[in-house]
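Q: Have a look at this one.
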Amino acid sequence: MKAFTITTAAVLLSASPAFAQFGNPAGLMPDTPESRPGVPAPGHANVQDRLFVKLLGMGNAGEVAAGRLADGRARHAGVKSFARRMVDDHGGAARKLESVAKPLNLPVPAEPDPDQKAAQARLEGLNGAAFDAAYLQAQLVDHQKAVILLHWVISNGQDAGLQSFAKETLRRCRTTCDTCRRCSRR
Amino acid sequence: MNRLPATLAVLACAAAMVANADPLPADATYRPLPTKPFSEVKRLDEAAKPAVQKRQADLLAARYDLSNRPIPGVMMSGGRRAVQGGVRVKLPAGTTWDKLAAMTPEEIRERNLLPEGFKPLPHVKQATGGQVFPQNQIDTIAQLEQRDLRRFDVDFDLPDHLTPEFPAPIFLTTKPELGDVSRGQVLSIRNYYEIMNGLITPVQMEGLRLLLTPFPQEEFNQTEDRKVAQQSLGVACLDCHTNFHSNGAFHLTPDVRPQAARFRLDSTSLRGMFNQQIHGSKRSLRSIEDFSEFEQRTAYFNGDHVSATRKGPNLPDRTNQVAMMAQMQNIINFPPAPKLDWRGRLIPSKATAQELAGEKVFLGKGQCAQCHVPQTSFLDHNMHDLQLERFYRTGEVRNDLVMQPDGPIKTFTLRGIKDSPPYLHDGRLPTLADTVEYFNLVLGLKLTTQEKEALTAYLLTL
């Protein structure tokens, strides 16, 4: 069991200063207001920012729901512990996302996306070790996708607050990927 | 801990989840189309440029000593630029190279002590990326061809003295007795025939013409999605590989996505291509023909054939044009190394005691020769993963580059290495002394100061 201890190396990063990246202005929406030439005024999200908030918001909701299911159903104590951590982490991430999306007037979805709902339904049909393995595998895929999504908004988004949030979240997300991989091998 | 059964049923279930999943946004892989008029993009890019350059200059100054400190009496092969000396990567406060070398990777990582200069080097503007040429290349091509290689959004970021000599000399395997045949000029579409007539075959001449012919490229083309002021004919292969060497021009790897994760690429030399079996830092293409043919969609268009098709790629004919381009590249020789024998080993009567000591380190304690095999042009035709991520927390962001593990990178030749600064695939190491410190740490060699100095002296003989 000791070997299955989930690394809780959740490095709480100090928030990066909220400077937007130097983006490619070719991708700015034509009506983007600027605080100075080439720099979008604060509070104006682009299409990628909006999509990011939507996808990550749904993702967080799905992770919390899956984590609650796994906390109740997983056979292995380590998987249960991991699931509880996912509920905490993604609940926290959801709140943080709310706070950075609010100045942009972007609603954060509270429901998982359709794929997560379908995955949840499949998980609900499993028990025991099969459930544990399927949950961890789904977690790995979800977090791999989240890593890409975070990279993507760091490249293609424009709001400094969201980008700062993405940079902060990226490392935690990568740590979770590592944990999923380690757990799945055991 | 009981092993969790990874049954086929579970794998099938996971596969089903993946198969049904919504894909991530398309521009996580593909280049988005521009949304603003060209004139406005140009205005915004130009307005942001001073701050972009300052941010990069600040990063470089924090990482490196960029001063002009040549090694006395050591010049690059053409005799046009001095080789820079000394370790230029700055140490974190309170440590020394020896202290660092005595620590485990885990300690260095936990205490955040890996020198910043050992971490991946960002492009000047990660979100846009693309080819950036040094000023000497821009000026020369403007003069010779009236073609503009200047970008309005970014400038080259390294000082001249930390880049290869310009123009680089050209050595031909077919004319070793002549030495440098460049006449001190930059080969261009305007002058190549005059310079090379009588030196190369008709087939090679046609290959050279193609290598010097500009074709549309991601930042240099006719569309609104460009970073050059006027509609451009494009760039030529030898705009980066000036005189078949490198002018230090850099790019982002075409082999990684999303954009924030693409690492910087320092142009590699084309010298010694005849002995190189794999090509591309990541792609391991198996012939120079494969590389020359496909480069129109990789170096030119970032590995995005969709964008290439919109802007006009040149797709050279394999059996005629590609073969000729390859035949030209395959006669470019390494610079002379008078202290080396045919096996790539030092000739004792010609080498100093320090150089011989350096070779001993190279072949032994330094482990260099395990990949850089002297007999095969200091290559092993393999890719290796140095696992630098053991020493720092990946996922950190520097100037919009998300630093992550490099993964396997091909072994580059060390022949003529003093002519090819900066070093490593992304140019993160300004001098050979930096590379010695880097490998001393990463490979856990624990070399003494004397051994490091000897190794650096040896590298200068190659």
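Just remember, in the structure tokens the first chain shown is A, the second B, etc., residues are 1-based per chain, and ligands are 1-based in the order shown.
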Sort by chain and increasing residue number a table of all residues of chain A within 7 Å of chain B, each with its closest pair of atoms and their distance in Å to one decimal, counting only C-alpha atoms, and write it as a tab-separated table.
A:
```
residue	atom	partner	partner_atom	distance
A:Met1	CA	B:Met1	CA	5.0
A:Phe4	CA	B:Met1	CA	6.9
A:Gln21	CA	B:Asp400	CA	6.1
A:Phe22	CA	B:Lys125	CA	6.7
A:Gly23	CA	B:Ala127	CA	5.3
A:Asn24	CA	B:Thr128	CA	5.3
A:Pro25	CA	B:Val41	CA	5.6
A:Ala26	CA	B:Pro34	CA	4.8
A:Gly27	CA	B:Pro34	CA	5.2
A:Leu28	CA	B:Thr35	CA	6.3
A:Met29	CA	B:Thr35	CA	6.0
A:Pro30	CA	B:Lys36	CA	5.4
A:Pro37	CA	B:Leu44	CA	5.4
A:Gly38	CA	B:Leu44	CA	4.4
A:Asp115	CA	B:Ala21	CA	5.5
A:Ala119	CA	B:Met17	CA	6.1
A:Ala129	CA	B:Leu4	CA	6.0
A:Ala130	CA	B:Val10	CA	6.5
A:Ala133	CA	B:Leu4	CA	6.3
A:Ala134	CA	B:Val10	CA	5.8
A:Gln137	CA	B:Ala14	CA	6.4
A:Ala138	CA	B:Ala14	CA	6.4
A:Ile148	CA	B:Pro258	CA	6.9
A:His151	CA	B:Ala260	CA	5.7
A:Trp152	CA	B:Ala28	CA	5.6
A:Ile154	CA	B:Ala260	CA	6.4
A:Ser155	CA	B:Ala260	CA	5.0
A:Leu170	CA	B:Gly395	CA	6.5
A:Arg171	CA	B:Gly395	CA	5.3
A:Arg186	CA	B:Arg3	CA	5.3
```
Q: Name the residues of range 12-172 of chain A that fall into alpha helix (DSSP H) according to DSSP on the backbone, using the chain letters and numbers of this document, as number ranges by chain.
A: A: 47-73, 77-101, 114-124, 128-156, 160-172
Q: Expressed in Å to a single decimal, how great is the separation between CA of Arg172 in chain A and CA of Glu111 in chain A?
A: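 So the answer is 22.2 Å.
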Q: Please identify all polymer residues within 6 Å of Val89 in chain B, counting only C-alpha atoms, omitting same-chain residues fewer than 4 positions from it, and present them as a list of chain:residue names.
A: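 My reading of the contact set: B:Arg63, B:Tyr64, B:Gly117.
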Q: Keeping only all heavy atoms, take the residues you just selected and write them out as a CSV table (one decimal), in the first residue's frame.
A:
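What ended up in result-v3.csv:
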```
chain,number,residue,atom,x,y,z
B,63,ARG,N,20.5,35.0,-18.3
B,63,ARG,CA,21.0,33.7,-18.4
B,63,ARG,C,22.5,33.6,-18.7
B,63,ARG,O,23.2,32.7,-18.2
B,63,ARG,CB,20.4,32.9,-19.6
B,63,ARG,CG,19.0,32.5,-19.3
B,63,ARG,CD,18.4,31.9,-20.6
B,63,ARG,NE,17.2,31.2,-20.3
B,63,ARG,CZ,16.8,30.0,-20.8
B,63,ARG,NH1,17.6,29.4,-21.7
B,63,ARG,NH2,15.7,29.4,-20.5
B,64,TYR,N,23.0,34.6,-19.5
B,64,TYR,CA,24.3,34.5,-20.1
B,64,TYR,C,25.2,35.7,-19.9
B,64,TYR,O,24.6,36.8,-19.8
B,64,TYR,CB,24.2,34.2,-21.6
B,64,TYR,CG,23.3,33.1,-22.0
B,64,TYR,CD1,22.2,33.3,-22.7
B,64,TYR,CD2,23.6,31.8,-21.6
B,64,TYR,CE1,21.3,32.3,-23.1
B,64,TYR,CE2,22.7,30.7,-22.0
B,64,TYR,CZ,21.6,31.0,-22.7
B,64,TYR,OH,20.8,30.0,-23.1
B,117,GLY,N,20.4,29.1,-18.0
B,117,GLY,CA,20.9,28.9,-19.4
B,117,GLY,C,21.0,27.4,-19.8
B,117,GLY,O,21.3,27.2,-21.0
```
Q: If we count only C-alpha atoms, what is near range 423-430 of chain B at a cut-off of 9 Å, once residues fewer than 5 positions away on the same chain are taken out, given as a short mmCIF file (atom, residue, chain, number, x, y, z; two decimals) with N, CA and C atoms, in the first residue's frame?
A:
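Listed below is the output, around19.cif:
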```cif
data_model
loop_
_atom_site.label_atom_id
_atom_site.label_comp_id
_atom_site.auth_asym_id
_atom_site.auth_seq_id
_atom_site.Cartn_x
_atom_site.Cartn_y
_atom_site.Cartn_z
N TYR B 64 22.99 34.59 -19.49
CA TYR B 64 24.33 34.47 -20.06
C TYR B 64 25.16 35.74 -19.90
N LEU B 66 27.10 37.72 -22.23
CA LEU B 66 27.12 37.81 -23.69
C LEU B 66 28.29 38.63 -24.22
N GLN B 84 34.75 32.25 -29.34
CA GLN B 84 34.54 32.81 -28.01
C GLN B 84 34.89 31.79 -26.92
N VAL B 87 33.01 30.03 -19.81
CA VAL B 87 31.64 29.58 -19.53
C VAL B 87 30.76 30.81 -19.44
N ARG B 88 29.73 30.87 -20.24
CA ARG B 88 28.88 32.05 -20.31
C ARG B 88 27.55 31.88 -19.59
N VAL B 89 27.19 30.65 -19.30
CA VAL B 89 25.95 30.42 -18.56
C VAL B 89 26.15 30.87 -17.12
N GLY B 117 20.38 29.06 -18.02
CA GLY B 117 20.94 28.89 -19.36
C GLY B 117 21.01 27.44 -19.82
N PHE B 118 20.82 26.51 -18.92
CA PHE B 118 20.79 25.09 -19.32
C PHE B 118 19.38 24.65 -19.71
N LYS B 119 18.41 25.50 -19.44
CA LYS B 119 17.02 25.14 -19.77
C LYS B 119 16.74 25.54 -21.22
N PRO B 120 15.66 25.00 -21.79
CA PRO B 120 15.36 25.34 -23.19
C PRO B 120 15.33 26.84 -23.43
N LEU B 121 15.85 27.24 -24.58
CA LEU B 121 15.93 28.66 -24.93
C LEU B 121 14.69 29.05 -25.75
N PRO B 122 13.94 30.03 -25.31
CA PRO B 122 12.74 30.40 -26.07
C PRO B 122 13.07 31.15 -27.37
N LEU B 162 28.67 35.61 -31.08
CA LEU B 162 28.27 34.29 -30.57
C LEU B 162 27.55 33.46 -31.63
N THR B 163 27.75 33.83 -32.88
CA THR B 163 27.17 33.07 -34.00
C THR B 163 28.30 32.67 -34.95
N GLY B 248 23.26 30.87 -38.00
CA GLY B 248 22.67 31.06 -36.68
C GLY B 248 21.18 31.35 -36.73
N PHE B 250 17.32 31.00 -36.60
CA PHE B 250 16.59 30.02 -35.78
C PHE B 250 15.13 29.97 -36.17
N HIS B 251 14.46 29.00 -35.59
CA HIS B 251 13.11 28.62 -36.00
C HIS B 251 12.48 27.93 -34.80
N LEU B 252 11.26 27.46 -34.97
CA LEU B 252 10.67 26.54 -33.99
C LEU B 252 10.57 25.16 -34.61
N PHE B 263 9.89 23.74 -29.36
CA PHE B 263 11.17 24.28 -28.92
C PHE B 263 11.90 24.96 -30.08
N ARG B 264 12.82 25.84 -29.69
CA ARG B 264 13.61 26.59 -30.66
C ARG B 264 14.58 25.65 -31.37
N LEU B 265 14.85 25.94 -32.64
CA LEU B 265 15.82 25.18 -33.40
C LEU B 265 16.87 26.12 -33.96
N ASP B 266 18.12 25.82 -33.67
CA ASP B 266 19.24 26.56 -34.22
C ASP B 266 19.62 25.88 -35.54
N SER B 267 19.77 26.65 -36.62
CA SER B 267 20.08 26.02 -37.92
C SER B 267 21.35 25.20 -37.82
N THR B 268 21.29 24.02 -38.36
CA THR B 268 22.46 23.15 -38.30
C THR B 268 23.31 23.33 -39.55
N SER B 281 16.30 17.01 -36.14
CA SER B 281 16.58 16.72 -34.74
C SER B 281 15.61 15.71 -34.16
N ILE B 409 16.86 13.37 -29.08
CA ILE B 409 17.34 14.30 -30.11
C ILE B 409 18.51 13.62 -30.79
N LYS B 410 18.65 13.85 -32.09
CA LYS B 410 19.72 13.15 -32.81
C LYS B 410 21.10 13.65 -32.36
N PHE B 412 24.48 15.21 -33.07
CA PHE B 412 25.05 16.09 -34.10
C PHE B 412 26.55 15.86 -34.17
N ILE B 417 33.34 21.78 -34.96
CA ILE B 417 32.34 22.29 -34.02
C ILE B 417 32.65 23.72 -33.56
N THR B 435 29.24 23.88 -23.13
CA THR B 435 28.80 22.51 -23.41
C THR B 435 29.51 21.52 -22.49
N TYR B 438 27.77 21.69 -19.24
CA TYR B 438 26.43 21.09 -19.37
C TYR B 438 26.51 19.57 -19.29
#
```
Q: Could you tell me which of B:Arg80, B:Arg111, B:Lys350, B:His384 comes closest to Lys282 in chain B if we count only C-alpha atoms?
A: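 Looking only at the distances to Lys282 in chain B, the closest residue turns out to be B:His384.
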Q: Compile the contact shell of Arg109 in chain B as number ranges by chain: residues with an atom at most 9 Å away, counting only C-alpha atoms, same-chain residues fewer than 3 positions apart removed.
A: B: 104-106, 112-114, 389-393
Q: Could you list, as JSON, numbers by chain, every residue within 10 Å of Val373 in chain B, counting only C-alpha atoms and ignoring same-chain residues fewer than 6 positions away?
A: {"B": [343, 344, 362, 363, 379, 380, 381, 413, 414]}
Q: Check the smallest atom-to-atom distance from each of B:Asp148, B:Glu437, B:Glu453, B:Glu194 to Ala229 in chain B using only C-alpha atoms, then report the winner.
A: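 For Ala229 in chain B, the nearest of the candidates is B:Asp148.
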Q: Within 12 Å of Gln329 in chain B, counting only C-alpha atoms, which residues qualify if same-chain residues fewer than 6 places away don't, as a PyMOL selection string?
A: chain B and resi 170-174+200+203-211+237-238+241+243-245+269-276+287-289+291-292+322-323
Q: Have a look at CA of Val361 in chain B and CA of Met103 in chain B and let me know their distance in Å, one decimal.
A: 21.3 Å
Q: What does the structure give for the distance between CA of Asp180 in chain B and CA of Asn197 in chain B, in Å to one decimal?
A: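 Interatomic distance, CA of Asp180 in chain B to CA of Asn197 in chain B: 14.9 Å.
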Q: Could you pull out the strand (DSSP E) residues of range 47-264 of chain B from DSSP and send them as an NGL selection string?
A: :B and (70-75 or 82-84 or 250-252 or 264)
Q: Could those residues be written to a file, using N, CA, C and O atoms, as a compact mmCIF listing (two decimals), in the first residue's frame?
A:
```txt
# COMPACT_ATOMS: atom_id res chain seq x y z
N PRO B 70 36.92 36.62 -26.94
CA PRO B 70 37.45 35.53 -27.76
C PRO B 70 38.61 34.80 -27.08
O PRO B 70 39.28 35.35 -26.22
N ILE B 71 38.80 33.56 -27.50
CA ILE B 71 39.98 32.82 -27.06
C ILE B 71 41.16 33.35 -27.88
O ILE B 71 41.10 33.34 -29.12
N PRO B 72 42.22 33.81 -27.23
CA PRO B 72 43.33 34.39 -28.00
C PRO B 72 43.86 33.42 -29.05
O PRO B 72 44.14 32.25 -28.75
N GLY B 73 43.96 33.90 -30.27
CA GLY B 73 44.59 33.12 -31.34
C GLY B 73 43.75 32.00 -31.93
O GLY B 73 44.25 31.26 -32.77
N VAL B 74 42.50 31.86 -31.53
CA VAL B 74 41.67 30.77 -32.07
C VAL B 74 40.57 31.37 -32.93
O VAL B 74 39.70 32.08 -32.44
N MET B 75 40.66 31.07 -34.21
CA MET B 75 39.68 31.60 -35.17
C MET B 75 38.84 30.46 -35.74
O MET B 75 39.26 29.30 -35.73
N ALA B 82 36.58 35.21 -34.49
CA ALA B 82 37.25 34.55 -33.37
C ALA B 82 36.28 33.63 -32.65
O ALA B 82 35.07 33.89 -32.61
N VAL B 83 36.84 32.55 -32.08
CA VAL B 83 36.03 31.63 -31.28
C VAL B 83 35.95 32.19 -29.86
O VAL B 83 36.96 32.57 -29.29
N GLN B 84 34.75 32.25 -29.34
CA GLN B 84 34.54 32.81 -28.01
C GLN B 84 34.89 31.79 -26.92
O GLN B 84 34.67 30.58 -27.09
N PHE B 250 17.32 31.00 -36.60
CA PHE B 250 16.59 30.02 -35.78
C PHE B 250 15.13 29.97 -36.17
O PHE B 250 14.61 30.78 -36.93
N HIS B 251 14.46 29.00 -35.59
CA HIS B 251 13.11 28.62 -36.00
C HIS B 251 12.48 27.93 -34.80
O HIS B 251 13.12 27.78 -33.76
N LEU B 252 11.26 27.46 -34.97
CA LEU B 252 10.67 26.54 -33.99
C LEU B 252 10.57 25.16 -34.61
O LEU B 252 10.31 25.04 -35.82
N ARG B 264 12.82 25.84 -29.69
CA ARG B 264 13.61 26.59 -30.66
C ARG B 264 14.58 25.65 -31.37
O ARG B 264 15.11 24.71 -30.77
```
Q: For each of B:Leu178, B:Ala357, B:Met76, B:Ile189, take the minimum atom-to-atom distance to Ala337 in chain B, counting only C-alpha atoms, then give the residue where this is smallest.
A: B:Met76
Q: Could you tell me which of A:Cys173, A:Leu56, A:Ala61, A:Cys183 comes closest to His76 in chain A if we count only C-alpha atoms?
A: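 For His76 in chain A, the nearest of the given residues is A:Cys183.
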Q: Given only C-alpha atoms as the basis, pick out the residue of A:Asp132, A:Glu168, A:Asp159, A:Asp142 nearest to Ala74 in chain A.
A: A:Asp132
